[in-house]
>>> print(open('input_1.cif').read())   # mmCIF, C-alpha atoms
data_my_file
loop_
_atom_site.label_atom_id
_atom_site.label_comp_id
_atom_site.auth_asym_id
_atom_site.auth_seq_id
_atom_site.Cartn_x
_atom_site.Cartn_y
_atom_site.Cartn_z
CA MET A 1 -5.87 17.62 1.28
CA ARG A 2 -3.12 15.06 1.55
CA LEU A 3 -2.56 11.39 1.91
CA THR A 4 -1.52 10.71 5.50
CA THR A 5 1.29 8.47 6.68
CA LYS A 6 -1.21 5.64 7.19
CA GLY A 7 -1.84 5.36 3.45
CA ARG A 8 1.77 6.05 2.48
CA PHE A 9 3.16 3.48 4.91
CA ALA A 10 0.61 0.85 3.87
CA VAL A 11 1.53 1.22 0.19
CA THR A 12 5.27 1.24 0.98
CA ALA A 13 4.97 -1.86 3.15
CA MET A 14 2.97 -3.67 0.48
CA ILE A 15 5.65 -2.91 -2.13
CA ASP A 16 8.30 -4.25 0.25
CA LEU A 17 6.21 -7.38 0.86
CA ALA A 18 5.60 -7.90 -2.86
CA LEU A 19 9.33 -7.64 -3.61
CA ARG A 20 10.08 -10.42 -1.10
CA CYS A 21 7.05 -12.71 -0.95
CA SER A 22 8.43 -15.21 -3.47
CA GLU A 23 10.90 -16.26 -0.77
CA GLY A 24 8.11 -17.16 1.65
CA PRO A 25 6.40 -15.27 4.46
CA VAL A 26 7.92 -11.84 5.19
CA SER A 27 8.24 -10.64 8.77
CA LEU A 28 6.90 -7.28 9.81
CA ALA A 29 10.13 -6.77 11.76
CA GLY A 30 12.03 -6.99 8.46
CA ILE A 31 9.71 -4.52 6.75
CA SER A 32 9.96 -2.25 9.78
CA GLU A 33 13.75 -2.28 9.66
CA ARG A 34 14.04 -1.78 5.90
CA GLN A 35 11.37 0.91 5.59
CA LYS A 36 11.90 2.65 8.96
CA ILE A 37 8.25 2.20 9.95
CA SER A 38 7.31 1.44 13.56
CA LEU A 39 6.63 -2.26 14.10
CA SER A 40 3.52 -1.55 16.19
CA TYR A 41 2.19 0.72 13.42
CA LEU A 42 2.81 -2.01 10.83
CA GLU A 43 0.97 -4.51 13.02
CA GLN A 44 -2.08 -2.24 13.02
CA LEU A 45 -1.90 -1.70 9.26
CA PHE A 46 -1.40 -5.38 8.45
CA GLY A 47 -4.32 -6.34 10.68
CA LYS A 48 -6.51 -4.17 8.45
CA LEU A 49 -4.88 -5.43 5.25
CA ARG A 50 -5.50 -9.02 6.41
CA ARG A 51 -9.16 -8.32 7.23
CA HIS A 52 -9.57 -6.94 3.70
CA GLN A 53 -7.94 -10.10 2.30
CA LEU A 54 -4.99 -8.30 0.73
CA VAL A 55 -2.46 -10.24 2.81
CA GLY A 56 -2.40 -13.56 4.59
CA SER A 57 -0.49 -14.42 7.74
CA VAL A 58 1.56 -17.47 8.64
CA ARG A 59 2.15 -18.12 12.33
CA GLY A 60 5.13 -19.68 14.02
CA PRO A 61 8.86 -19.76 13.36
CA GLY A 62 9.57 -18.55 9.85
CA GLY A 63 6.11 -17.02 9.74
CA GLY A 64 5.10 -13.61 8.55
CA TYR A 65 2.91 -12.21 5.83
CA CYS A 66 2.37 -13.03 2.18
CA LEU A 67 0.17 -11.53 -0.50
CA ALA A 68 -3.36 -12.92 -0.69
CA ARG A 69 -3.81 -11.90 -4.34
CA PRO A 70 -1.56 -11.43 -7.35
CA THR A 71 0.05 -7.98 -7.46
CA SER A 72 -1.74 -7.31 -10.74
CA ALA A 73 -5.10 -7.77 -9.01
CA MET A 74 -4.39 -5.28 -6.22
CA THR A 75 -4.62 -1.51 -6.72
CA VAL A 76 -3.31 1.37 -4.65
CA ALA A 77 -6.96 2.30 -4.02
CA ASP A 78 -7.56 -1.19 -2.55
CA ILE A 79 -4.66 -0.74 -0.14
CA ILE A 80 -5.66 2.76 0.92
CA ARG A 81 -9.30 1.77 1.43
CA ALA A 82 -8.23 -1.25 3.49
CA VAL A 83 -6.42 0.93 6.03
CA ASP A 84 -9.37 3.32 6.28
CA GLU A 85 -7.53 6.17 4.65
CA PRO A 86 -10.00 8.86 3.60
CA LEU A 87 -9.45 10.27 0.15
CA ASP A 88 -11.64 13.31 0.33
CA ALA A 89 -10.67 16.80 -0.78
CA THR A 90 -13.93 18.34 0.42
CA GLN A 91 -14.07 19.96 3.84
CA CYS A 92 -17.42 18.39 4.56
CA GLY A 93 -16.70 14.75 3.84
CA GLY A 94 -19.16 14.89 0.95
CA ARG A 95 -22.07 15.97 3.16
CA GLU A 96 -22.39 19.32 1.37
CA ASN A 97 -22.57 21.27 4.65
CA CYS A 98 -19.15 22.88 4.58
CA HIS A 99 -20.23 26.53 4.60
CA ASP A 100 -22.54 27.30 7.51
CA GLU A 101 -24.41 24.02 6.96
CA GLU A 102 -24.77 24.86 3.25
CA ARG A 103 -22.90 23.65 0.21
CA CYS A 104 -19.80 25.77 -0.45
CA MET A 105 -19.12 27.35 -3.83
CA THR A 106 -16.17 25.03 -4.53
CA HIS A 107 -17.82 21.76 -3.49
CA ASP A 108 -18.12 20.47 -7.06
CA LEU A 109 -14.45 21.22 -7.72
CA TRP A 110 -13.29 19.15 -4.73
CA ALA A 111 -15.83 16.40 -5.36
CA THR A 112 -14.53 16.09 -8.94
CA LEU A 113 -10.97 15.95 -7.63
CA ASN A 114 -12.04 13.06 -5.37
CA VAL A 115 -13.30 11.15 -8.40
CA LYS A 116 -10.09 11.84 -10.35
CA MET A 117 -7.88 10.76 -7.43
CA PHE A 118 -9.86 7.57 -6.97
CA ASP A 119 -9.76 6.81 -10.72
CA TYR A 120 -5.99 7.29 -10.78
CA LEU A 121 -5.32 5.20 -7.67
CA THR A 122 -7.57 2.47 -9.05
CA SER A 123 -5.53 2.45 -12.27
CA VAL A 124 -2.21 1.82 -10.49
CA THR A 125 -1.60 -1.78 -9.45
CA LEU A 126 0.84 -3.11 -6.92
CA ALA A 127 2.50 -4.89 -9.86
CA ASP A 128 3.10 -1.47 -11.48
CA LEU A 129 4.80 -0.16 -8.34
CA VAL A 130 6.93 -3.29 -7.96
CA ALA A 131 7.99 -3.06 -11.60
CA GLN A 132 9.00 0.59 -11.05
CA GLN A 133 11.17 -0.40 -8.10
CA VAL A 134 12.80 -3.25 -9.99
CA SER A 135 13.46 -1.06 -13.03
CA LYS A 136 15.04 1.63 -10.85
CA GLY A 137 17.16 -0.95 -9.12
CA GLY A 138 15.26 -0.26 -5.91
CA GLY A 139 13.93 -3.80 -5.79
CA ASP A 140 17.36 -5.31 -6.28
CA VAL A 141 19.03 -2.98 -3.79
CA ALA A 142 16.35 -3.40 -1.14
CA VAL A 143 16.36 -7.20 -1.53
CA LEU A 144 20.15 -7.53 -1.50
CA HIS A 145 20.34 -8.70 2.13
CA ASP A 146 17.60 -11.30 1.63
CA GLN A 147 18.93 -12.53 -1.72
CA ARG A 148 21.86 -14.24 -0.04
CA ARG A 149 19.38 -16.85 1.12
CA THR A 150 17.84 -17.46 -2.32
CA SER A 151 19.08 -19.28 -5.34
CA ALA A 152 19.93 -17.58 -8.61
CA ARG A 153 16.85 -19.24 -10.14
CA GLN A 154 14.55 -17.69 -7.49
CA ARG A 155 16.13 -14.26 -7.98
CA ALA A 156 15.57 -14.52 -11.74
CA LYS A 157 11.92 -15.41 -11.08
CA VAL A 158 11.50 -12.33 -8.86
CA VAL A 159 12.87 -10.06 -11.57
CA ALA A 160 10.98 -11.78 -14.39
CA PHE A 161 7.59 -11.77 -12.70
CA GLY A 162 7.92 -8.65 -10.56
CA ARG A 163 7.11 -10.62 -7.40
#
>>> encode(input="input_1.cif", output="structure tokens")
Amino acid sequence: MRLTTKGRFAVTAMIDLALRCSEGPVSLAGISERQKISLSYLEQLFGKLRRHQLVGSVRGPGGGYCLARPTSAMTVADIIRAVDEPLDATQCGGRENCHDEERCMTHDLWATLNVKMFDYLTSVTLADLVAQQVSKGGGDVAVLHDQRRTSARQRAKVVAFGR
């Protein structure tokens, strides 16, 4: 059992977006460059995130993506579910047919782990992850290139509100 790159990249891209969205729409090309994620892969992920109303898109010059909800109202579980990432430790996908069409002896163990994983990922908000990056200096370092285009007041707002 593991979280695949789809879920990892979606969460990473959403943190990147949240760190920059106060400056206006963020381009996927910028996220792709900063996070070393394929642009075509990001396009697929953001299509799903948009359909689940986690992000909004702005077309045209200067367009890109912005958050559709406050970071405090978006959990890691929301992001992972939006990109169709399965969080299932059972071999049977919960169908209880993992051992010759019968329930295996460890089914309850893995099913309980599923519940615990979901509970944990539901308890972590995008705001929590952004705050971690800002406190580590990761938000400031990653935003350094973009900050040249923002005023000191806007940068203070980003740090103060974690967005």
>>> residues_around(input="input_1.cif", residues="Gln44 in chain A", least_positions_apart="2", cutoff="12 Å", atoms="all atoms listed in the file", output="PDB file with C-alpha atoms, in the frame of the given file")
ATOM      1  CA  LYS A   6      -1.210   5.640   7.190  1.00  0.00           C
ATOM      2  CA  PHE A   9       3.160   3.480   4.910  1.00  0.00           C
ATOM      3  CA  ALA A  10       0.610   0.850   3.870  1.00  0.00           C
ATOM      4  CA  LEU A  28       6.900  -7.280   9.810  1.00  0.00           C
ATOM      5  CA  ILE A  37       8.250   2.200   9.950  1.00  0.00           C
ATOM      6  CA  SER A  38       7.310   1.440  13.560  1.00  0.00           C
ATOM      7  CA  LEU A  39       6.630  -2.260  14.100  1.00  0.00           C
ATOM      8  CA  SER A  40       3.520  -1.550  16.190  1.00  0.00           C
ATOM      9  CA  TYR A  41       2.190   0.720  13.420  1.00  0.00           C
ATOM     10  CA  LEU A  42       2.810  -2.010  10.830  1.00  0.00           C
ATOM     11  CA  PHE A  46      -1.400  -5.380   8.450  1.00  0.00           C
ATOM     12  CA  GLY A  47      -4.320  -6.340  10.680  1.00  0.00           C
ATOM     13  CA  LYS A  48      -6.510  -4.170   8.450  1.00  0.00           C
ATOM     14  CA  LEU A  49      -4.880  -5.430   5.250  1.00  0.00           C
ATOM     15  CA  ARG A  50      -5.500  -9.020   6.410  1.00  0.00           C
ATOM     16  CA  ARG A  51      -9.160  -8.320   7.230  1.00  0.00           C
ATOM     17  CA  ALA A  82      -8.230  -1.250   3.490  1.00  0.00           C
ATOM     18  CA  VAL A  83      -6.420   0.930   6.030  1.00  0.00           C
ATOM     19  CA  ASP A  84      -9.370   3.320   6.280  1.00  0.00           C
TER      20      ASP A  84
END
>>> closest_atom_pairs(input="input_1.cif", of="range 51-82 of chain A", to="range 108-127 of chain A", cutoff="10 Å", atoms="all atoms listed in the file", output="CSV")
residue,atom,partner,partner_atom,distance
A:Pro70,CA,A:Ala127,CA,8.1
A:Thr71,CA,A:Ala127,CA,4.6
A:Ser72,CA,A:Ala127,CA,5.0
A:Ala73,CA,A:Thr125,CA,7.0
A:Met74,CA,A:Thr125,CA,5.5
A:Thr75,CA,A:Thr125,CA,4.1
A:Val76,CA,A:Leu121,CA,5.3
A:Ala77,CA,A:Leu121,CA,4.9
A:Asp78,CA,A:Thr122,CA,7.5
A:Ile79,CA,A:Leu126,CA,9.0
A:Ile80,CA,A:Leu121,CA,8.9
>>> residues_around(input="input_1.cif", residues="Leu17 in chain A", least_positions_apart="6", cutoff="8 Å", atoms="all atoms listed in the file", output="PyMOL selection string")
chain A and resi 26+31+65-67
>>> atom_distance(input="input_1.cif", atom1="CA of Arg59 in chain A", atom2="CA of Gln35 in chain A")
22.2 Å
>>> atom_distance(input="input_1.cif", atom1="CA of Val55 in chain A", atom2="CA of Thr5 in chain A")
19.5 Å
>>> atom_distance(input="input_1.cif", atom1="CA of Asp88 in chain A", atom2="CA of Met105 in chain A")
16.4 Å
>>> closest_residue(input="input_1.cif", among="A:Leu45, A:Ser57, A:Gly64, A:Ser135", to="Arg8 in chain A", atoms="only C-alpha atoms")
A:Leu45
>>> closest_residue(input="input_1.cif", among="A:His52, A:Gly60, A:Val11, A:Gln91", to="Ser27 in chain A", atoms="all atoms listed in the file")
A:Gly60
>>> closest_residue(input="input_1.cif", among="A:Leu54, A:Leu19, A:Arg34, A:Pro86", to="Gly7 in chain A", atoms="only C-alpha atoms")
A:Pro86
